[in-house]
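What follows is a short report on a single structure.
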Amino acid sequence: MQDFTVTPWEVSGAIDYDRLVRQFGTTRIDPALKARIGKESGGLHQMLRRDFVFSHRDMNLVLDDHDRGKGFFLYTGRGPSKGMHIGHLVPLIFTKWLQDTFRVNLYIEITDDEKFLYRREYSWKDINENAHDNMLDIAAVGFDPDRTFIFRDSEYVKNVYPLLLRTARKITGSTVKAVFGFDDSTNVGLSFYPAYQVIPSFFEKKRCLIPCAIDQDPYWRVQRDVAESLGFHKTAAIHTKFLPPLQGTAGKMSSSGGAETAILLTDDEKTVKNKINRYAFSGGQATVEEHRRLGGNPDIDVPYQWLSILFEPDDARLRRIYDDYRSGKLLTGELKAMLIERINSFLKEHRERRERAEKEIGTFMYKGKLAKEMWARAYE
């Protein structure tokens, strides 16, 4: 059995998502739940339709609460680091769809404390610069500024410290060692940090739904152990798979893996074209003649996979691309050209929104309706 690693800090190997669901104790999104989400939302996001959003915890209870008028809220986050790439935006794009569809509040935690504790090569100045840069990219996704609160852990801790201490008292050292693999060499800050990651799931007296990549699920297992004893709901979660790196469909896109692995949000049109043409793993044949005769394999072709996940919303058109590539009618160079055009259009729009976010970030953090409410609260 091929081995793989999935933790909040490392993802590697050829990931068996069925095996991962069993290991983490989550539940596959089955056709019945998918149909129910579609009925409640008026239509499914393409990531749900195509099983890229594939796993959950208690999504059925979230829908129950929605049906009964109790409502729910969303929580997600980002550990600030240098150079966000398109893979980082995938869960955020799905989160925006959830917020727009259900018109709910969203809390986005910027975990500057965790990143400083884990990444020893970062100074606190580095963390500050990366946090600001990342928040602009997050705001550029287009969340509702009056229903979204973006906060830094190091800044908001004064509003939650008593609740943080009550939560930390419920979580034992043996629990964080078992869940996160900490040992005697782990600094005490990282051992304490999971208590803070739990806190935003307590921001409202409603059920919290956390959209995230599956590698972040261990934190929510800890939350579900302690939530009810503190008077809150166990959090629900809905999980995405990983956007594959350029070099193949195994693993997870990472900006630390080198230029050949990821498309950064700052890449210009020429850089995108070069990266896709040089590094994007192809399911095509060695020559045009062989490809015309034998066809390609879209199931292992990175450009096709990226189109499916993010860049081709039309199901009928995606099916034609699949069939044409499989038959040999569509060549590898033509498929790559299609992806290059889509990515460059996507990045152009993102950069335009990011420029506007320079003026809007204060609304998300301090001045918006939800932000003002949050700064007026003190959690005990």
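Each chain of the structure tokens is named A, B, ... in the order shown, its residues numbered from 1; ligands are numbered from 1 in display order.
Excluding A:Ala168 and any residue on its chain fewer than 4 positions from it, the residues at most 10 Å away by only C-alpha atoms are Pro162, Leu163, Leu164, Thr172, Gly173, Ser191, Phe192, Tyr193, Pro194, Ala195, Tyr196, Val198, Ile199 and Val226 of chain A.
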Test item: residues at most 7 Å from A:Ser201, only C-alpha atoms, excluding those fewer than 5 positions along its chain, as a PDB file with all heavy atoms, in the first residue's frame:
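Result file is result.pdb:
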```pdb
ATOM      1  N   TYR A  75     -16.476  29.604   9.541  1.00  0.00           N
ATOM      2  CA  TYR A  75     -15.160  29.946  10.086  1.00  0.00           C
ATOM      3  C   TYR A  75     -14.103  29.249   9.255  1.00  0.00           C
ATOM      4  O   TYR A  75     -14.205  28.061   8.971  1.00  0.00           O
ATOM      5  CB  TYR A  75     -15.100  29.502  11.552  1.00  0.00           C
ATOM      6  CG  TYR A  75     -13.726  29.291  12.158  1.00  0.00           C
ATOM      7  CD1 TYR A  75     -12.642  30.108  11.868  1.00  0.00           C
ATOM      8  CD2 TYR A  75     -13.542  28.260  13.086  1.00  0.00           C
ATOM      9  CE1 TYR A  75     -11.409  29.895  12.447  1.00  0.00           C
ATOM     10  CE2 TYR A  75     -12.306  28.041  13.672  1.00  0.00           C
ATOM     11  CZ  TYR A  75     -11.239  28.862  13.350  1.00  0.00           C
ATOM     12  OH  TYR A  75     -10.012  28.656  13.929  1.00  0.00           O
ATOM     13  N   CYS A 208     -21.260  26.013  14.084  1.00  0.00           N
ATOM     14  CA  CYS A 208     -20.222  26.526  13.201  1.00  0.00           C
ATOM     15  C   CYS A 208     -19.957  25.512  12.095  1.00  0.00           C
ATOM     16  O   CYS A 208     -19.863  24.312  12.354  1.00  0.00           O
ATOM     17  CB  CYS A 208     -18.954  26.777  14.006  1.00  0.00           C
ATOM     18  SG  CYS A 208     -17.517  27.263  13.033  1.00  0.00           S
ATOM     19  N   THR A 235     -18.468  21.573  16.329  1.00  0.00           N
ATOM     20  CA  THR A 235     -18.407  22.191  15.007  1.00  0.00           C
ATOM     21  C   THR A 235     -18.665  21.167  13.908  1.00  0.00           C
ATOM     22  O   THR A 235     -18.348  19.985  14.047  1.00  0.00           O
ATOM     23  CB  THR A 235     -17.047  22.872  14.772  1.00  0.00           C
ATOM     24  OG1 THR A 235     -17.137  23.679  13.614  1.00  0.00           O
ATOM     25  CG2 THR A 235     -15.927  21.862  14.595  1.00  0.00           C
TER      26      THR A 235
END
```
Got a sec: who's within 7 Å of A:Thr249, counting only C-alpha atoms, leaving out chain neighbours fewer than 2 positions off, as a short mmCIF file (atom, residue, chain, number, x, y, z; two decimals) with N, CA, C and O atoms, in the first residue's frame?
```cif
data_model
loop_
_atom_site.label_atom_id
_atom_site.label_comp_id
_atom_site.auth_asym_id
_atom_site.auth_seq_id
_atom_site.Cartn_x
_atom_site.Cartn_y
_atom_site.Cartn_z
N PRO A 244 -3.81 19.71 -7.09
CA PRO A 244 -2.51 19.06 -7.31
C PRO A 244 -1.45 20.03 -7.81
O PRO A 244 -1.77 21.04 -8.43
N PRO A 245 -0.19 19.72 -7.54
CA PRO A 245 0.90 20.55 -8.05
C PRO A 245 1.06 20.38 -9.55
O PRO A 245 0.49 19.47 -10.15
N GLY A 251 -0.25 14.52 -4.23
CA GLY A 251 0.20 15.56 -3.31
C GLY A 251 -0.61 16.84 -3.39
O GLY A 251 -1.76 16.85 -3.82
N ILE A 300 -5.05 11.74 -15.39
CA ILE A 300 -3.74 12.03 -14.81
C ILE A 300 -3.15 13.32 -15.34
O ILE A 300 -2.03 13.67 -15.01
N VAL A 302 -2.66 17.15 -15.46
CA VAL A 302 -2.83 18.27 -14.53
C VAL A 302 -3.66 19.41 -15.13
O VAL A 302 -4.56 19.94 -14.47
#
```
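These are the residues of stretch 205-329 of chain A assigned strand (DSSP E or B) by DSSP from backbone coordinates: Arg207, Cys208, Leu209, Ile210, Pro211, Cys212, Ala213, Ala236, Ala237, Ile238, His239, Thr240 and Leu264 of chain A.
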The selected residues should be written to file as a compact mmCIF listing (two decimals), in the first residue's frame (atoms: all heavy atoms).
```txt
# COMPACT_ATOMS: atom_id res chain seq x y z
N ARG A 207 -24.44 26.68 15.42
CA ARG A 207 -23.48 25.69 14.93
C ARG A 207 -22.53 26.34 13.95
O ARG A 207 -22.92 27.12 13.09
CB ARG A 207 -24.21 24.52 14.26
CG ARG A 207 -23.33 23.27 14.10
CD ARG A 207 -24.12 22.13 13.47
NE ARG A 207 -25.38 21.88 14.14
CZ ARG A 207 -25.52 21.14 15.25
NH1 ARG A 207 -24.45 20.57 15.79
NH2 ARG A 207 -26.71 20.97 15.79
N CYS A 208 -21.26 26.01 14.08
CA CYS A 208 -20.22 26.53 13.20
C CYS A 208 -19.96 25.51 12.10
O CYS A 208 -19.86 24.31 12.35
CB CYS A 208 -18.95 26.78 14.01
SG CYS A 208 -17.52 27.26 13.03
N LEU A 209 -19.83 25.99 10.86
CA LEU A 209 -19.43 25.16 9.73
C LEU A 209 -18.08 25.64 9.24
O LEU A 209 -17.92 26.83 8.92
CB LEU A 209 -20.46 25.24 8.60
CG LEU A 209 -20.07 24.52 7.30
CD1 LEU A 209 -19.91 23.02 7.52
CD2 LEU A 209 -21.10 24.78 6.20
N ILE A 210 -17.13 24.73 9.17
CA ILE A 210 -15.77 25.07 8.77
C ILE A 210 -15.48 24.47 7.40
O ILE A 210 -15.36 23.25 7.27
CB ILE A 210 -14.75 24.56 9.80
CG1 ILE A 210 -15.01 25.20 11.16
CG2 ILE A 210 -13.33 24.86 9.32
CD1 ILE A 210 -14.20 24.62 12.28
N PRO A 211 -15.40 25.30 6.36
CA PRO A 211 -14.95 24.81 5.05
C PRO A 211 -13.42 24.85 5.03
O PRO A 211 -12.82 25.89 5.29
CB PRO A 211 -15.54 25.81 4.05
CG PRO A 211 -16.27 26.85 4.87
CD PRO A 211 -15.81 26.71 6.27
N CYS A 212 -12.80 23.74 4.71
CA CYS A 212 -11.34 23.71 4.75
C CYS A 212 -10.83 22.51 3.96
O CYS A 212 -11.60 21.58 3.67
CB CYS A 212 -10.82 23.62 6.19
SG CYS A 212 -11.35 22.13 7.09
N ALA A 213 -9.55 22.53 3.63
CA ALA A 213 -8.93 21.33 3.09
C ALA A 213 -8.83 20.29 4.20
O ALA A 213 -8.73 20.63 5.39
CB ALA A 213 -7.55 21.66 2.54
N ALA A 236 -19.23 21.65 12.83
CA ALA A 236 -19.36 20.86 11.61
C ALA A 236 -18.23 21.29 10.67
O ALA A 236 -17.63 22.35 10.84
CB ALA A 236 -20.71 21.09 10.95
N ALA A 237 -17.93 20.44 9.70
CA ALA A 237 -16.88 20.77 8.73
C ALA A 237 -17.24 20.18 7.38
O ALA A 237 -17.95 19.17 7.29
CB ALA A 237 -15.53 20.23 9.20
N ILE A 238 -16.74 20.82 6.34
CA ILE A 238 -16.91 20.30 4.99
C ILE A 238 -15.56 20.46 4.29
O ILE A 238 -14.96 21.54 4.31
CB ILE A 238 -18.06 21.01 4.24
CG1 ILE A 238 -18.34 20.33 2.90
CG2 ILE A 238 -17.85 22.50 4.10
CD1 ILE A 238 -19.70 20.71 2.30
N HIS A 239 -15.07 19.37 3.70
CA HIS A 239 -13.67 19.29 3.30
C HIS A 239 -13.47 19.26 1.79
O HIS A 239 -14.19 18.55 1.08
CB HIS A 239 -13.04 18.01 3.88
CG HIS A 239 -13.21 17.84 5.35
ND1 HIS A 239 -13.95 16.82 5.90
CD2 HIS A 239 -12.74 18.57 6.38
CE1 HIS A 239 -13.93 16.92 7.22
NE2 HIS A 239 -13.20 17.98 7.53
N THR A 240 -12.45 19.98 1.35
CA THR A 240 -12.01 19.88 -0.04
C THR A 240 -10.81 18.94 -0.13
O THR A 240 -10.10 18.72 0.84
CB THR A 240 -11.59 21.25 -0.60
OG1 THR A 240 -10.38 21.68 0.04
CG2 THR A 240 -12.68 22.28 -0.40
N LEU A 264 1.77 31.12 -8.64
CA LEU A 264 1.60 32.14 -7.60
C LEU A 264 0.61 33.20 -8.06
O LEU A 264 0.44 33.44 -9.26
CB LEU A 264 2.94 32.79 -7.28
CG LEU A 264 4.08 31.87 -6.82
CD1 LEU A 264 5.33 32.69 -6.53
CD2 LEU A 264 3.67 31.06 -5.61
```
> A:Gln99: which residues within 12 Å, counting only C-alpha atoms, same-chain residues fewer than 2 positions away excluded, as JSON, numbers by chain?
Replying inline: {"A": [41, 71, 72, 73, 74, 75, 76, 92, 93, 94, 95, 96, 97, 101, 102, 103, 104, 105, 106, 107, 141, 142, 143, 144, 145, 146, 147, 148, 209, 210, 211]}
>> With DSSP run on the backbone, what are the alpha helix (DSSP H) residues within stretch 216-311 of chain A? I'd like them as a ChimeraX atom specification.
In response: /A:217-226,269-279,288-294,302-306
Please provide as a PDB file with all heavy atoms, in the first residue's frame all residues within 9 Å of stretch 176-180 of chain A, with the sequence filter that same-chain residues fewer than 5 positions apart are discarded (counting only C-alpha atoms).
```pdb
ATOM      1  N   THR A   7      -1.002  16.071   7.348  1.00  0.00           N
ATOM      2  CA  THR A   7      -1.093  16.732   8.641  1.00  0.00           C
ATOM      3  C   THR A   7      -1.366  18.215   8.382  1.00  0.00           C
ATOM      4  O   THR A   7      -1.279  18.670   7.231  1.00  0.00           O
ATOM      5  CB  THR A   7       0.212  16.601   9.451  1.00  0.00           C
ATOM      6  OG1 THR A   7       1.211  17.477   8.879  1.00  0.00           O
ATOM      7  CG2 THR A   7       0.723  15.164   9.462  1.00  0.00           C
ATOM      8  N   PRO A   8      -1.668  19.013   9.426  1.00  0.00           N
ATOM      9  CA  PRO A   8      -1.860  20.450   9.194  1.00  0.00           C
ATOM     10  C   PRO A   8      -0.627  21.160   8.643  1.00  0.00           C
ATOM     11  O   PRO A   8      -0.733  22.287   8.167  1.00  0.00           O
ATOM     12  CB  PRO A   8      -2.215  20.983  10.588  1.00  0.00           C
ATOM     13  CG  PRO A   8      -2.834  19.817  11.290  1.00  0.00           C
ATOM     14  CD  PRO A   8      -2.061  18.621  10.802  1.00  0.00           C
ATOM     15  N   ILE A 171      -8.068  20.732  27.398  1.00  0.00           N
ATOM     16  CA  ILE A 171      -7.283  19.981  26.414  1.00  0.00           C
ATOM     17  C   ILE A 171      -5.980  19.516  27.053  1.00  0.00           C
ATOM     18  O   ILE A 171      -5.179  20.333  27.517  1.00  0.00           O
ATOM     19  CB  ILE A 171      -6.983  20.850  25.170  1.00  0.00           C
ATOM     20  CG1 ILE A 171      -8.289  21.339  24.533  1.00  0.00           C
ATOM     21  CG2 ILE A 171      -6.170  20.065  24.150  1.00  0.00           C
ATOM     22  CD1 ILE A 171      -8.094  22.371  23.439  1.00  0.00           C
ATOM     23  N   SER A 191       2.088  23.576  21.487  1.00  0.00           N
ATOM     24  CA  SER A 191       1.205  22.709  22.274  1.00  0.00           C
ATOM     25  C   SER A 191      -0.007  23.468  22.793  1.00  0.00           C
ATOM     26  O   SER A 191      -1.089  22.900  22.942  1.00  0.00           O
ATOM     27  CB  SER A 191       1.979  22.101  23.452  1.00  0.00           C
ATOM     28  OG  SER A 191       3.025  21.273  22.991  1.00  0.00           O
ATOM     29  N   PHE A 192       0.169  24.769  23.063  1.00  0.00           N
ATOM     30  CA  PHE A 192      -0.939  25.595  23.543  1.00  0.00           C
ATOM     31  C   PHE A 192      -1.827  26.072  22.402  1.00  0.00           C
ATOM     32  O   PHE A 192      -3.033  26.253  22.576  1.00  0.00           O
ATOM     33  CB  PHE A 192      -0.377  26.805  24.298  1.00  0.00           C
ATOM     34  CG  PHE A 192      -1.427  27.754  24.814  1.00  0.00           C
ATOM     35  CD1 PHE A 192      -2.173  27.445  25.937  1.00  0.00           C
ATOM     36  CD2 PHE A 192      -1.662  28.965  24.181  1.00  0.00           C
ATOM     37  CE1 PHE A 192      -3.141  28.323  26.419  1.00  0.00           C
ATOM     38  CE2 PHE A 192      -2.626  29.840  24.651  1.00  0.00           C
ATOM     39  CZ  PHE A 192      -3.363  29.515  25.776  1.00  0.00           C
ATOM     40  N   PRO A 194      -3.397  24.904  19.705  1.00  0.00           N
ATOM     41  CA  PRO A 194      -4.689  24.326  19.279  1.00  0.00           C
ATOM     42  C   PRO A 194      -5.891  24.842  20.058  1.00  0.00           C
ATOM     43  O   PRO A 194      -7.000  24.901  19.520  1.00  0.00           O
ATOM     44  CB  PRO A 194      -4.479  22.825  19.495  1.00  0.00           C
ATOM     45  CG  PRO A 194      -3.024  22.630  19.263  1.00  0.00           C
ATOM     46  CD  PRO A 194      -2.375  23.847  19.876  1.00  0.00           C
ATOM     47  N   PRO A 218      -7.731  17.762  11.904  1.00  0.00           N
ATOM     48  CA  PRO A 218      -7.365  17.411  13.280  1.00  0.00           C
ATOM     49  C   PRO A 218      -7.752  18.453  14.319  1.00  0.00           C
ATOM     50  O   PRO A 218      -8.109  18.106  15.456  1.00  0.00           O
ATOM     51  CB  PRO A 218      -5.838  17.227  13.199  1.00  0.00           C
ATOM     52  CG  PRO A 218      -5.614  16.741  11.808  1.00  0.00           C
ATOM     53  CD  PRO A 218      -6.608  17.499  10.972  1.00  0.00           C
ATOM     54  N   TYR A 219      -7.689  19.739  13.971  1.00  0.00           N
ATOM     55  CA  TYR A 219      -8.094  20.768  14.927  1.00  0.00           C
ATOM     56  C   TYR A 219      -9.554  20.617  15.338  1.00  0.00           C
ATOM     57  O   TYR A 219      -9.926  20.862  16.485  1.00  0.00           O
ATOM     58  CB  TYR A 219      -7.883  22.159  14.324  1.00  0.00           C
ATOM     59  CG  TYR A 219      -6.442  22.580  14.261  1.00  0.00           C
ATOM     60  CD1 TYR A 219      -5.801  22.708  13.042  1.00  0.00           C
ATOM     61  CD2 TYR A 219      -5.723  22.859  15.418  1.00  0.00           C
ATOM     62  CE1 TYR A 219      -4.477  23.103  12.969  1.00  0.00           C
ATOM     63  CE2 TYR A 219      -4.395  23.253  15.354  1.00  0.00           C
ATOM     64  CZ  TYR A 219      -3.775  23.376  14.139  1.00  0.00           C
ATOM     65  OH  TYR A 219      -2.461  23.765  14.075  1.00  0.00           O
ATOM     66  N   ARG A 221     -11.312  17.881  15.429  1.00  0.00           N
ATOM     67  CA  ARG A 221     -11.503  16.738  16.319  1.00  0.00           C
ATOM     68  C   ARG A 221     -11.298  17.164  17.772  1.00  0.00           C
ATOM     69  O   ARG A 221     -12.027  16.739  18.672  1.00  0.00           O
ATOM     70  CB  ARG A 221     -10.543  15.601  15.934  1.00  0.00           C
ATOM     71  CG  ARG A 221     -10.744  15.099  14.520  1.00  0.00           C
ATOM     72  CD  ARG A 221     -10.284  13.658  14.332  1.00  0.00           C
ATOM     73  NE  ARG A 221      -8.877  13.439  14.539  1.00  0.00           N
ATOM     74  CZ  ARG A 221      -7.943  13.580  13.592  1.00  0.00           C
ATOM     75  NH1 ARG A 221      -8.282  14.017  12.381  1.00  0.00           N
ATOM     76  NH2 ARG A 221      -6.680  13.316  13.850  1.00  0.00           N
ATOM     77  N   VAL A 222     -10.314  18.028  18.001  1.00  0.00           N
ATOM     78  CA  VAL A 222     -10.091  18.561  19.348  1.00  0.00           C
ATOM     79  C   VAL A 222     -11.289  19.407  19.777  1.00  0.00           C
ATOM     80  O   VAL A 222     -11.782  19.286  20.908  1.00  0.00           O
ATOM     81  CB  VAL A 222      -8.790  19.394  19.396  1.00  0.00           C
ATOM     82  CG1 VAL A 222      -8.650  20.098  20.736  1.00  0.00           C
ATOM     83  CG2 VAL A 222      -7.571  18.508  19.129  1.00  0.00           C
TER      84      VAL A 222
END
```
> Which residues come within 12 Å of A:Ala286, counting only C-alpha atoms, excluding same-chain residues fewer than 5 positions away, as a PyMOL selection string?
Replying inline: chain A and resi 291-296+331-333
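For the residues A:Val6, A:Leu165, A:Leu307, A:Ala140, ranking by smallest atom-to-atom distance to A:Ile361 using only C-alpha atoms places A:Ala140 first.
Residues in contact with stretch 42-56 of chain A at up to 7 Å, not including ones fewer than 2 positions away on its chain and judged by only C-alpha atoms, are Thr26, Thr27, Arg28, Ile29, Gly38, Lys39, Glu40, Asp58, Met59, Ala237, Ile238, His239, Thr240, Lys241, Ile309 and Pro313 of chain A.
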Taking N, CA and C atoms for each residue, export the selection above as an mmCIF file, in the first residue's frame.
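Final output, part38.cif:
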```cif
data_model
loop_
_atom_site.group_PDB
_atom_site.id
_atom_site.type_symbol
_atom_site.label_atom_id
_atom_site.label_comp_id
_atom_site.auth_asym_id
_atom_site.auth_seq_id
_atom_site.Cartn_x
_atom_site.Cartn_y
_atom_site.Cartn_z
ATOM 1 N N THR A 26 -14.114 10.923 9.211
ATOM 2 C CA THR A 26 -15.101 11.810 8.602
ATOM 3 C C THR A 26 -16.075 10.976 7.769
ATOM 4 N N THR A 27 -16.966 11.632 7.061
ATOM 5 C CA THR A 27 -17.985 10.942 6.280
ATOM 6 C C THR A 27 -17.969 11.452 4.843
ATOM 7 N N ARG A 28 -18.002 10.554 3.898
ATOM 8 C CA ARG A 28 -18.100 10.940 2.494
ATOM 9 C C ARG A 28 -19.426 11.667 2.236
ATOM 10 N N ILE A 29 -19.407 12.661 1.379
ATOM 11 C CA ILE A 29 -20.639 13.322 0.948
ATOM 12 C C ILE A 29 -21.310 12.408 -0.065
ATOM 13 N N GLY A 38 -28.000 20.807 -2.652
ATOM 14 C CA GLY A 38 -28.457 21.461 -3.871
ATOM 15 C C GLY A 38 -29.850 22.040 -3.731
ATOM 16 N N LYS A 39 -30.714 21.315 -3.058
ATOM 17 C CA LYS A 39 -32.092 21.788 -2.848
ATOM 18 C C LYS A 39 -32.105 23.031 -1.965
ATOM 19 N N GLU A 40 -31.302 23.018 -0.891
ATOM 20 C CA GLU A 40 -31.272 24.150 0.041
ATOM 21 C C GLU A 40 -30.622 25.382 -0.583
ATOM 22 N N ASP A 58 -21.058 16.350 10.140
ATOM 23 C CA ASP A 58 -22.336 16.940 10.589
ATOM 24 C C ASP A 58 -22.908 18.000 9.647
ATOM 25 N N MET A 59 -22.627 17.897 8.351
ATOM 26 C CA MET A 59 -23.257 18.832 7.422
ATOM 27 C C MET A 59 -24.768 18.674 7.437
ATOM 28 N N ALA A 237 -17.933 20.444 9.697
ATOM 29 C CA ALA A 237 -16.881 20.769 8.733
ATOM 30 C C ALA A 237 -17.239 20.180 7.377
ATOM 31 N N ILE A 238 -16.743 20.822 6.340
ATOM 32 C CA ILE A 238 -16.906 20.304 4.990
ATOM 33 C C ILE A 238 -15.561 20.463 4.288
ATOM 34 N N HIS A 239 -15.068 19.373 3.704
ATOM 35 C CA HIS A 239 -13.666 19.291 3.304
ATOM 36 C C HIS A 239 -13.470 19.257 1.791
ATOM 37 N N THR A 240 -12.453 19.979 1.348
ATOM 38 C CA THR A 240 -12.006 19.880 -0.037
ATOM 39 C C THR A 240 -10.807 18.940 -0.134
ATOM 40 N N LYS A 241 -10.604 18.429 -1.328
ATOM 41 C CA LYS A 241 -9.351 17.752 -1.648
ATOM 42 C C LYS A 241 -8.289 18.821 -1.898
ATOM 43 N N ILE A 309 -11.465 21.396 -11.519
ATOM 44 C CA ILE A 309 -11.620 21.890 -10.151
ATOM 45 C C ILE A 309 -12.045 23.353 -10.124
ATOM 46 N N PRO A 313 -16.451 25.999 -15.365
ATOM 47 C CA PRO A 313 -17.687 25.768 -14.611
ATOM 48 C C PRO A 313 -18.764 25.025 -15.386
#
```
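In this comparison, which uses only C-alpha atoms, the residue of A:Glu358, A:Asp18, A:Asp267, A:Asp314 approaching A:Asn344 most closely is A:Asp267.
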With only C-alpha atoms counted and 7 Å as the cut-off, give the residues of stretch 147-246 of chain A in contact with stretch 362-366 of chain A, each with its shortest interatomic distance in Å and the pair that gives it, as CSV.
```
residue,atom,partner,partner_atom,distance
A:Thr148,CA,A:Phe364,CA,6.0
A:Phe149,CA,A:Phe364,CA,5.3
A:Ile150,CA,A:Met365,CA,5.1
A:Phe151,CA,A:Met365,CA,5.9
```
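We find atom CA of A:Arg152 and atom CA of A:Trp220 to be spaced 19.4 Å apart.
For the set A:Asp112, A:Glu269, A:Asp184, A:Leu190, the residue with the smallest atom-to-atom gap to A:Glu155 is A:Asp112, counting only C-alpha atoms.
Atom CA of A:Gly283 is positioned 21.6 Å from atom CA of A:Ile86.
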